[in-house]
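K.L.:
Structure file work13.txt (compact mmCIF, C-alpha atoms) right here:
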```txt
# COMPACT_ATOMS: atom_id res chain seq x y z
CA MET A 1 16.76 0.36 4.75
CA ARG A 2 14.94 -2.35 2.84
CA GLU A 3 11.18 -2.70 2.50
CA ILE A 4 9.82 -6.21 2.06
CA VAL A 5 6.12 -6.56 1.28
CA VAL A 6 4.23 -9.82 1.64
CA ILE A 7 1.05 -10.13 -0.44
CA SER A 8 -1.16 -12.94 -1.65
CA GLY A 9 -4.01 -11.65 -3.77
CA LYS A 10 -6.28 -14.38 -2.46
CA GLY A 11 -7.05 -14.64 1.27
CA GLY A 12 -6.43 -17.73 3.35
CA THR A 13 -3.14 -18.73 1.74
CA GLY A 14 -1.17 -18.31 4.98
CA LYS A 15 0.23 -14.84 4.32
CA THR A 16 0.01 -13.63 7.91
CA SER A 17 1.42 -16.91 9.27
CA VAL A 18 4.40 -16.42 6.97
CA VAL A 19 4.78 -12.78 8.00
CA SER A 20 4.72 -13.58 11.71
CA ALA A 21 7.29 -16.36 11.26
CA LEU A 22 9.57 -14.04 9.25
CA ALA A 23 9.17 -11.34 11.88
CA TYR A 24 10.23 -13.87 14.50
CA VAL A 25 13.34 -14.73 12.48
CA ALA A 26 14.30 -11.08 11.94
CA GLN A 27 13.06 -9.75 15.29
CA LYS A 28 16.29 -7.95 16.19
CA ASN A 29 16.47 -6.20 12.89
CA LEU A 30 13.10 -4.90 11.79
CA VAL A 31 10.01 -2.79 12.14
CA LEU A 32 6.82 -4.67 11.30
CA ALA A 33 3.90 -2.92 9.57
CA ASP A 34 0.42 -4.38 9.31
CA CYS A 35 -1.09 -2.89 6.15
CA ASP A 36 -3.77 -5.56 5.93
CA VAL A 37 -5.93 -3.01 7.71
CA ASP A 38 -9.33 -4.47 6.79
CA ALA A 39 -8.46 -7.56 8.78
CA ALA A 40 -5.46 -6.57 10.86
CA ASP A 41 -4.34 -9.55 12.89
CA LEU A 42 -0.63 -9.34 13.67
CA HIS A 43 -1.59 -7.79 17.01
CA LEU A 44 -3.13 -11.16 17.99
CA ILE A 45 0.30 -12.75 17.80
CA PHE A 46 2.65 -10.02 19.00
CA GLU A 47 0.65 -8.40 21.85
CA PRO A 48 1.45 -4.77 21.05
CA ASP A 49 1.41 -2.22 23.88
CA LEU A 50 -0.32 0.55 21.84
CA ALA A 51 2.31 3.00 23.10
CA GLU A 52 1.31 5.75 20.65
CA THR A 53 -2.14 6.24 19.16
CA GLU A 54 -3.34 8.72 16.56
CA ASP A 55 -6.83 9.22 15.20
CA PHE A 56 -7.33 8.54 11.54
CA PHE A 57 -9.78 10.61 9.53
CA SER A 58 -10.87 9.62 6.08
CA GLY A 59 -13.65 10.61 3.73
CA VAL A 60 -16.77 12.63 4.41
CA LYS A 61 -20.40 11.82 5.03
CA ALA A 62 -23.41 14.09 4.72
CA VAL A 63 -25.21 15.36 7.83
CA ILE A 64 -28.49 17.26 7.77
CA ASP A 65 -29.00 20.03 10.33
CA PRO A 66 -32.73 19.75 11.26
CA ALA A 67 -32.77 23.41 12.37
CA SER A 68 -32.21 24.74 8.85
CA CYS A 69 -33.76 21.82 6.89
CA THR A 70 -37.15 22.61 5.32
CA ASN A 71 -37.79 18.95 4.43
CA CYS A 72 -38.20 19.88 0.78
CA GLY A 73 -36.98 16.39 -0.18
CA ILE A 74 -34.64 17.49 -3.01
CA CYS A 75 -31.72 15.67 -1.38
CA ALA A 76 -33.64 12.40 -0.94
CA SER A 77 -34.94 12.39 -4.50
CA HIS A 78 -31.44 12.96 -5.95
CA CYS A 79 -29.41 10.63 -3.74
CA ARG A 80 -28.05 7.80 -5.93
CA PHE A 81 -27.44 5.65 -2.88
CA ASP A 82 -30.89 6.02 -1.38
CA ALA A 83 -29.16 7.15 1.80
CA ILE A 84 -31.64 9.84 2.82
CA ARG A 85 -34.84 8.74 4.54
CA VAL A 86 -37.60 10.48 6.43
CA GLU A 87 -37.92 9.61 10.10
CA SER A 88 -40.80 11.18 12.06
CA GLY A 89 -41.18 13.88 9.43
CA GLN A 90 -37.47 14.81 9.33
CA HIS A 91 -35.01 14.00 6.50
CA LYS A 92 -32.00 12.10 7.80
CA VAL A 93 -28.80 10.68 6.28
CA MET A 94 -28.35 6.94 6.89
CA SER A 95 -24.65 7.11 7.46
CA LEU A 96 -23.86 3.49 6.50
CA ASP A 97 -25.52 4.06 3.11
CA CYS A 98 -23.93 7.48 2.46
CA GLU A 99 -20.97 7.36 0.06
CA GLY A 100 -19.94 10.94 0.78
CA CYS A 101 -20.35 12.07 -2.85
CA GLY A 102 -21.59 15.52 -1.75
CA TYR A 103 -24.36 15.79 -4.36
CA CYS A 104 -26.99 16.60 -1.70
CA TYR A 105 -24.63 19.20 -0.24
CA GLU A 106 -24.50 20.96 -3.61
CA LEU A 107 -28.27 20.80 -4.16
CA CYS A 108 -29.64 21.78 -0.74
CA PRO A 109 -31.42 25.14 -1.16
CA THR A 110 -31.03 26.09 2.51
CA GLN A 111 -27.43 24.88 3.05
CA ALA A 112 -28.67 22.52 5.76
CA ILE A 113 -26.24 19.81 4.75
CA SER A 114 -22.60 19.64 5.84
CA LEU A 115 -19.87 17.12 4.96
CA PRO A 116 -17.75 16.53 8.06
CA GLN A 117 -14.57 14.41 7.83
CA GLN A 118 -15.09 10.98 9.33
CA LEU A 119 -13.10 9.54 12.19
CA VAL A 120 -12.72 6.01 10.85
CA GLY A 121 -10.09 4.46 13.07
CA GLN A 122 -6.76 4.67 14.81
CA CYS A 123 -3.11 4.15 13.86
CA TYR A 124 -0.80 2.70 16.50
CA ARG A 125 2.91 2.46 17.08
CA SER A 126 3.60 -0.32 19.52
CA ARG A 127 6.33 -2.29 21.18
CA THR A 128 5.59 -6.01 20.81
CA ARG A 129 6.17 -8.80 23.33
CA MET A 130 9.30 -9.75 21.35
CA GLY A 131 10.69 -6.24 21.56
CA PHE A 132 10.44 -5.00 17.98
CA SER A 133 8.12 -2.20 16.90
CA LEU A 134 4.80 -2.82 15.17
CA VAL A 135 2.90 -0.13 13.29
CA HIS A 136 -0.72 -1.07 12.82
CA ALA A 137 -4.20 0.36 12.53
CA LYS A 138 -7.74 -0.42 13.46
CA LEU A 139 -10.75 0.58 11.37
CA GLY A 140 -14.23 1.15 12.73
CA ILE A 141 -17.20 -0.94 11.60
CA GLY A 142 -18.04 -0.31 7.95
CA ALA A 143 -14.95 1.86 7.41
CA ASP A 144 -12.91 1.42 4.26
CA ASN A 145 -9.24 0.68 3.97
CA SER A 146 -7.59 3.10 1.58
CA GLY A 147 -4.31 4.01 -0.02
CA LYS A 148 -4.27 6.95 2.36
CA LEU A 149 -4.36 4.75 5.48
CA VAL A 150 -1.79 2.27 4.14
CA ALA A 151 0.51 5.15 3.15
CA ARG A 152 0.17 6.55 6.69
CA VAL A 153 1.00 3.19 8.31
CA LYS A 154 4.05 2.83 6.06
CA ASP A 155 5.10 6.40 6.74
CA LEU A 156 5.03 5.78 10.51
CA ALA A 157 6.93 2.50 10.01
CA ARG A 158 9.65 4.24 7.95
CA LYS A 159 10.05 6.94 10.59
CA GLN A 160 10.27 4.34 13.33
CA ALA A 161 12.80 2.26 11.40
CA LYS A 162 14.90 5.38 10.88
CA THR A 163 14.77 6.31 14.57
CA GLU A 164 15.73 2.79 15.63
CA LYS A 165 18.25 2.45 12.77
CA GLN A 166 16.66 -0.85 11.71
CA ASP A 167 17.66 -2.44 8.42
CA PHE A 168 14.28 -3.83 7.42
CA ILE A 169 10.61 -2.98 7.27
CA LEU A 170 8.46 -6.07 6.88
CA ILE A 171 4.99 -5.27 5.59
CA ASP A 172 1.92 -7.47 5.77
CA GLY A 173 0.29 -6.20 2.59
CA SER A 174 -3.34 -5.58 1.79
CA PRO A 175 -5.53 -8.07 -0.07
CA GLY A 176 -6.64 -7.69 -3.69
CA ILE A 177 -5.04 -5.52 -6.37
CA GLY A 178 -6.63 -2.13 -5.67
CA CYS A 179 -5.55 1.16 -4.16
CA PRO A 180 -4.40 -0.19 -0.74
CA VAL A 181 -2.20 -2.81 -2.46
CA ILE A 182 -0.66 -0.19 -4.73
CA ALA A 183 0.10 1.86 -1.61
CA SER A 184 1.55 -1.28 0.06
CA LEU A 185 3.83 -1.89 -2.92
CA SER A 186 4.94 1.62 -3.73
CA GLY A 187 8.45 2.25 -2.50
CA ALA A 188 9.06 -1.44 -1.76
CA ASP A 189 12.35 -3.18 -2.55
CA GLN A 190 11.15 -6.76 -2.53
CA VAL A 191 7.84 -8.56 -2.80
CA LEU A 192 7.08 -11.99 -1.38
CA PHE A 193 3.96 -13.72 -2.66
CA VAL A 194 2.29 -16.35 -0.54
CA THR A 195 0.07 -18.60 -2.61
CA GLU A 196 -1.57 -22.02 -2.43
CA PRO A 197 -2.37 -24.59 -5.11
CA SER A 198 -5.94 -23.60 -5.90
CA LEU A 199 -7.16 -22.13 -9.17
CA SER A 200 -8.45 -18.98 -7.52
CA ALA A 201 -5.12 -18.43 -5.74
CA LEU A 202 -3.24 -18.88 -9.00
CA SER A 203 -5.58 -16.48 -10.78
CA ASP A 204 -5.10 -13.88 -8.03
CA LEU A 205 -1.34 -14.46 -8.06
CA LYS A 206 -1.28 -13.61 -11.77
CA ARG A 207 -3.28 -10.44 -11.20
CA VAL A 208 -1.15 -9.24 -8.33
CA TRP A 209 2.02 -10.10 -10.27
CA GLU A 210 0.84 -7.91 -13.13
CA LEU A 211 0.76 -5.03 -10.67
CA THR A 212 4.11 -5.86 -9.06
CA ASP A 213 5.74 -6.22 -12.46
CA LYS A 214 4.46 -2.78 -13.44
CA PHE A 215 6.34 -1.38 -10.43
CA GLN A 216 9.41 -3.41 -11.44
CA ILE A 217 9.88 -4.81 -7.94
CA PRO A 218 11.71 -8.14 -7.75
CA ALA A 219 9.48 -10.92 -6.44
CA GLN A 220 9.76 -14.29 -4.76
CA CYS A 221 7.04 -16.77 -3.99
CA VAL A 222 6.14 -19.24 -1.25
CA ILE A 223 3.74 -22.02 -2.22
CA ASN A 224 1.95 -22.98 0.96
CA LYS A 225 0.00 -26.26 1.33
CA ALA A 226 1.90 -27.33 -1.80
CA ASP A 227 0.95 -31.00 -1.47
CA ILE A 228 -2.84 -30.60 -1.41
CA ASN A 229 -3.04 -30.26 -5.20
CA PRO A 230 0.22 -31.26 -6.90
CA ALA A 231 -1.15 -30.54 -10.38
CA VAL A 232 -1.87 -26.87 -9.60
CA THR A 233 1.43 -26.59 -7.70
CA GLU A 234 3.15 -27.62 -10.95
CA GLU A 235 1.12 -25.04 -12.83
CA ILE A 236 2.16 -22.34 -10.32
CA LYS A 237 5.81 -23.33 -10.67
CA LEU A 238 5.60 -23.10 -14.45
CA PHE A 239 4.06 -19.66 -14.14
CA LEU A 240 6.76 -18.49 -11.70
CA ALA A 241 9.51 -19.77 -13.98
CA SER A 242 7.98 -18.11 -17.05
CA GLN A 243 7.91 -14.74 -15.26
CA GLY A 244 11.29 -14.96 -13.57
CA ILE A 245 9.84 -15.11 -10.05
CA ALA A 246 12.06 -17.07 -7.67
CA LEU A 247 10.45 -19.90 -5.71
CA ALA A 248 11.51 -19.18 -2.13
CA ALA A 249 9.88 -22.25 -0.56
CA GLU A 250 7.31 -24.98 -0.96
CA ILE A 251 5.61 -25.77 2.31
CA PRO A 252 3.45 -28.90 2.64
CA TYR A 253 0.10 -28.65 4.39
CA ASP A 254 0.74 -28.58 8.14
CA GLY A 255 -1.57 -28.46 11.16
CA ASP A 256 0.97 -26.30 12.99
CA PHE A 257 -0.44 -23.28 11.10
CA HIS A 258 -3.77 -23.77 12.89
CA THR A 259 -2.15 -24.49 16.25
CA ALA A 260 -0.07 -21.31 15.96
CA ILE A 261 -3.11 -19.15 15.17
CA ALA A 262 -5.16 -20.75 17.97
CA GLU A 263 -2.38 -20.16 20.50
CA GLY A 264 -1.54 -16.65 19.26
CA LYS A 265 2.05 -17.55 18.44
CA SER A 266 4.34 -17.62 15.45
CA LEU A 267 5.02 -20.99 13.81
CA ILE A 268 8.56 -21.00 15.10
CA GLU A 269 7.34 -20.84 18.68
CA ILE A 270 5.23 -23.95 18.01
CA ASN A 271 8.10 -26.05 16.70
CA GLN A 272 11.45 -24.33 16.51
CA SER A 273 13.48 -27.18 14.99
CA LYS A 274 10.94 -27.75 12.22
CA TRP A 275 10.13 -24.15 11.23
CA SER A 276 13.20 -22.13 12.04
CA PRO A 277 15.28 -23.42 9.07
CA VAL A 278 12.34 -22.99 6.65
CA PHE A 279 11.78 -19.35 7.48
CA GLU A 280 15.42 -18.48 7.92
CA ASN A 281 15.90 -19.60 4.32
CA ILE A 282 12.97 -17.52 3.10
CA TRP A 283 14.20 -14.50 5.05
CA THR A 284 17.69 -14.85 3.62
CA ALA A 285 16.26 -15.04 0.11
CA CYS A 286 14.11 -11.93 0.63
CA SER A 287 16.56 -9.83 2.55
CA GLN A 288 19.60 -10.34 0.34
CA GLU A 289 18.10 -10.23 -3.13
CA LYS A 290 19.52 -7.21 -4.93
CA SER A 291 16.94 -4.97 -6.52
CA MET B 292 13.11 20.70 -22.36
CA LYS B 293 11.61 20.15 -18.90
CA ILE B 294 12.42 17.06 -16.83
CA ALA B 295 10.26 16.06 -13.85
CA PHE B 296 11.49 14.04 -10.85
CA THR B 297 9.44 12.49 -8.04
CA SER B 298 11.33 13.63 -4.96
CA THR B 299 11.25 13.56 -1.17
CA GLY B 300 12.64 17.10 -0.99
CA THR B 301 13.20 20.29 -2.96
CA SER B 302 16.83 20.26 -4.07
CA TRP B 303 19.30 18.41 -6.28
CA GLU B 304 20.54 16.59 -3.16
CA SER B 305 17.06 15.31 -2.20
CA THR B 306 16.34 11.62 -2.57
CA ILE B 307 14.09 10.42 -5.38
CA ASP B 308 10.70 9.38 -4.00
CA PRO B 309 10.20 5.87 -5.41
CA ARG B 310 6.44 6.42 -5.31
CA PHE B 311 4.69 8.13 -8.18
CA GLY B 312 1.19 8.98 -6.96
CA ARG B 313 2.13 9.69 -3.38
CA THR B 314 5.41 11.45 -4.04
CA ASP B 315 6.07 14.32 -1.61
CA PHE B 316 7.39 16.71 -4.27
CA LEU B 317 7.68 17.04 -8.01
CA LEU B 318 10.90 18.72 -9.08
CA LEU B 319 10.96 20.34 -12.50
CA TYR B 320 14.32 20.94 -14.11
CA ASN B 321 14.25 23.32 -17.04
CA GLN B 322 17.29 22.64 -19.23
CA GLU B 323 16.90 25.93 -21.13
CA ASP B 324 17.47 28.26 -18.18
CA ASP B 325 19.00 25.65 -15.82
CA SER B 326 16.32 26.26 -13.18
CA LEU B 327 14.94 23.78 -10.68
CA GLU B 328 11.37 24.30 -9.50
CA ALA B 329 9.81 22.36 -6.61
CA ILE B 330 6.09 21.63 -6.56
CA ASP B 331 4.71 20.61 -3.19
CA ASN B 332 2.54 17.49 -3.54
CA ARG B 333 2.36 16.63 0.17
CA ASP B 334 -1.38 17.31 0.32
CA ILE B 335 -1.71 13.96 -1.48
CA LYS B 336 -1.53 12.42 2.02
CA ASN B 337 -5.14 13.49 2.47
CA VAL B 338 -6.34 11.74 -0.66
CA GLU B 339 -7.94 8.36 0.11
CA HIS B 340 -8.07 6.90 -3.37
CA GLY B 341 -6.81 7.86 -6.81
CA ALA B 342 -3.50 9.43 -5.79
CA GLY B 343 -1.92 8.24 -9.06
CA PRO B 344 -4.31 9.97 -11.46
CA LYS B 345 -4.15 13.16 -9.31
CA THR B 346 -0.37 13.33 -9.58
CA ALA B 347 -0.67 12.52 -13.30
CA GLN B 348 -2.87 15.62 -13.61
CA LEU B 349 -0.13 17.65 -11.93
CA ILE B 350 2.32 16.32 -14.52
CA ALA B 351 -0.10 17.28 -17.29
CA ASP B 352 -0.37 20.81 -15.90
CA HIS B 353 3.39 21.33 -16.16
CA ALA B 354 3.93 19.28 -19.33
CA PRO B 355 7.49 18.03 -18.90
CA ALA B 356 9.01 15.93 -21.70
CA ILE B 357 10.64 13.43 -19.33
CA LEU B 358 9.59 11.91 -16.00
CA ILE B 359 12.18 10.24 -13.77
CA THR B 360 10.83 8.19 -10.86
CA GLY B 361 11.33 4.99 -8.86
CA ASN B 362 8.77 2.18 -9.08
CA GLY B 363 6.80 3.83 -11.85
CA PRO B 364 3.12 4.72 -11.99
CA GLY B 365 0.32 2.22 -11.33
CA GLY B 366 -2.24 1.18 -13.92
CA ASN B 367 -4.64 4.12 -13.68
CA ALA B 368 -1.91 6.76 -13.62
CA ALA B 369 -0.12 5.03 -16.49
CA SER B 370 -3.22 5.13 -18.67
CA VAL B 371 -3.39 8.92 -18.15
CA LEU B 372 0.34 9.48 -18.70
CA LYS B 373 0.26 7.43 -21.91
CA LEU B 374 -1.94 10.10 -23.47
CA MET B 375 0.77 12.70 -22.96
CA ASN B 376 3.88 13.30 -24.94
CA LEU B 377 6.01 12.04 -22.08
CA LYS B 378 8.86 9.58 -21.69
CA ILE B 379 9.03 7.80 -18.32
CA TYR B 380 12.24 6.47 -16.80
CA VAL B 381 12.09 4.27 -13.69
CA GLY B 382 14.47 2.67 -11.22
CA ALA B 383 15.86 5.88 -9.75
CA GLY B 384 14.58 5.07 -6.21
CA GLY B 385 17.26 5.66 -3.58
CA MET B 386 19.35 7.98 -5.79
CA THR B 387 19.60 11.72 -5.21
CA VAL B 388 17.93 13.86 -7.86
CA ARG B 389 21.37 14.83 -9.17
CA GLU B 390 22.46 11.17 -9.41
CA ALA B 391 19.18 10.29 -11.14
CA TYR B 392 19.72 13.07 -13.69
CA GLN B 393 23.25 11.84 -14.36
CA ALA B 394 22.01 8.25 -14.65
CA TYR B 395 19.42 9.44 -17.16
CA GLN B 396 22.06 11.30 -19.18
CA ASN B 397 24.23 8.18 -19.23
CA ASN B 398 21.30 6.03 -20.39
CA GLN B 399 21.42 4.01 -17.18
CA LEU B 400 17.70 4.26 -16.37
CA LYS B 401 15.11 1.85 -17.68
CA GLU B 402 12.26 3.17 -19.74
CA GLY B 403 8.99 2.50 -17.91
CA VAL B 404 5.36 2.14 -18.92
```
Give the structure from this file in structure tokens form.
P.N.:
Amino acid sequence: MREIVVISGKGGTGKTSVVSALAYVAQKNLVLADCDVDAADLHLIFEPDLAETEDFFSGVKAVIDPASCTNCGICASHCRFDAIRVESGQHKVMSLDCEGCGYCYELCPTQAISLPQQLVGQCYRSRTRMGFSLVHAKLGIGADNSGKLVARVKDLARKQAKTEKQDFILIDGSPGIGCPVIASLSGADQVLFVTEPSLSALSDLKRVWELTDKFQIPAQCVINKADINPAVTEEIKLFLASQGIALAAEIPYDGDFHTAIAEGKSLIEINQSKWSPVFENIWTACSQEKS
Amino acid sequence: MKIAFTSTGTSWESTIDPRFGRTDFLLLYNQEDDSLEAIDNRDIKNVEHGAGPKTAQLIADHAPAILITGNGPGGNAASVLKLMNLKIYVGAGGMTVREAYQAYQNNQLKEGV
């Protein structure tokens, strides 16, 4: 089984459009995992049936029990996040402000404060309209993505791929370079970067490459919208060559990306003869590269 | 000398867990008495952030001389591990623990961060 992770560092480079096109190409042979949990969107394209749902708990938040609270105010005066306010004479935790540090819990002289685990979202295992399985998750408002959640999504995807005896797990990775991205990358066999010729995208590409390189995972790169700034595209290519990252494809700016998103389809469904060869090539490059 | 492996199971035939921070088990092989000890790390599933440094602490507690793993530790874990007297070998993902140990003995594993 081979795990291929698609990441971009910067948002808006076309990562998810690339993932959905690759999933279309490899549809008979893969389990798809959406680890971009902050802004999960593969479900918009593949119409998952939400066949299996599990609750996801993460982190704690303080809760004050008014029955044993004496309103002494120690908690409010020590809270670094200013998350405890007085409402009609009673101290209350503003849950969106609470970071769950537990300081108030330690200080409360009457043990009126508890730290319950938070239900922050759901994980799903679904059958998509194309037939392959999608593992994805949905976070509640204000809830944080975490390495824990990404690891859980990947765990479910691995199990599913084993059950179905699929050869590939294709992972839409998390943005940035923090904990969720590390969890997206760990255990992966191949990384595909999707970037665009802008200075911020190049800067983020370098940062995310530093992380990938640390994990010694072979990487390839797609430069999307390559013609909108040829100078930066050249700069990206020089960077890729200097680091030994293979250039899997250069894709010129194309309105089909917008059409596909608006219609909830993969690029290949918009124009098969134009896009099928492009993404078949990228898939071949990613799926055959020896680690 | 003690050698630590990140592993998905508890025996020589278990597969190396390519992940460092979120490895299911740490296996400790003690060359002196030829014993293999398994440390259950599966509770790491409940850790939202900072799995790497937590597992690095576990390594520190058992003080092996060698760590054999897959992808290698991330930045935060690496900065902790660097402070220890520890050599890290990576690229053993997919091998069994026994194969990884043999690969290490034959100098076939890359030295990691």
K.L.:
Please determine the contact residues of chain B with respect to chain A at a cut-off of 8 Å, counting all atoms listed in the file, and supply them as a VMD selection string.
P.N.:
chain B and resid 308 to 311 336 to 342 361 to 366 382 384 404
K.L.:
Between atom CA of Val381 of chain B and atom CA of Thr297 of chain B, what is the spacing in Å?
P.N.:
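For atom CA of Thr297 of chain B relative to atom CA of Val381 of chain B, the distance reads 10.3 Å.
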K.L.:
What is the distance between atom CA of Ile171 of chain A and atom CA of Leu32 of chain A, in Å to one decimal?
P.N.:
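Atom CA of Ile171 of chain A sits 6.0 Å away from atom CA of Leu32 of chain A.
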K.L.:
Might you pull out every residue within 12 Å of Asp167 of chain A, with all atoms listed in the file counted and same-chain residues fewer than 6 positions away left off, and present them as a VMD selection string?
P.N.:
chain A and resid 1 to 4 26 to 32 157 to 158 160 to 161 287 to 288
K.L.:
For Gln396 of chain B, which residue out of B:Ile335, B:Ile294, B:Leu327, B:Ile307 is the nearest one, using all atoms listed in the file?
P.N.:
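The shortest atom-to-atom distance to Gln396 of chain B comes from B:Ile294.
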K.L.:
Excluding same-chain residues fewer than 6 positions from Ser266 of chain A, what lies within 8 Å of it counting all atoms listed in the file, as an MDAnalysis selection string?
P.N.:
chainID A and resid 17 20:21 24 45 260
K.L.:
How many Å lie between atom CA of Lys225 of chain A and atom CA of Thr13 of chain A, rounded to one decimal?
P.N.:
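One can read the atom CA of Lys225 of chain A to atom CA of Thr13 of chain A distance as 8.2 Å.
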K.L.:
Pick out the residues sitting within 10 Å of Ile268 of chain A, and hand them over as a list of chain:residue names; count only C-alpha atoms, and ignore anything fewer than 5 positions along from it in its own chain.
P.N.:
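Result of the neighbour search: A:Ser20, A:Ala21, A:Leu22, A:Tyr24, A:Val25, A:Asp256, A:Ala260, A:Ser273, A:Lys274, A:Trp275, A:Ser276, A:Pro277, A:Val278, A:Phe279.
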K.L.:
Using all atoms listed in the file, collect all residues at a distance of at most 12 Å from (2.0, 13.4, -26.6) as written in the file, then present them as JSON, numbers by chain.
P.N.:
{"B": [351, 354, 355, 356, 357, 371, 372, 373, 374, 375, 376, 377, 378]}
K.L.:
Could you pull the residues within 9 Å of segment 61-78 of chain A, counting only C-alpha atoms, minus those fewer than 4 positions along the same chain, as a PyMOL selection string?
P.N.:
chain A and resi 82-86+89-95+98-105+107-118
K.L.:
May I have the residues within 10 Å of Trp209 of chain A as a PyMOL selection string, using all atoms listed in the file and disregarding those fewer than 5 positions away in the same chain?
P.N.:
chain A and resi 7-9+177+191+193+203-204+214-215+217+219+240+243+245
K.L.:
Show me the residues close to (16.7, 20.1, -16.1) - anything with an atom within 8 Å, counting only C-alpha atoms - and format the list as a list of chain:residue names.
P.N.:
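Final list of nearby residues, as requested, is B:Met292, B:Lys293, B:Ile294, B:Ala295, B:Leu319, B:Tyr320, B:Asn321, B:Gln322, B:Glu323, B:Asp325, B:Ser326, B:Leu327.
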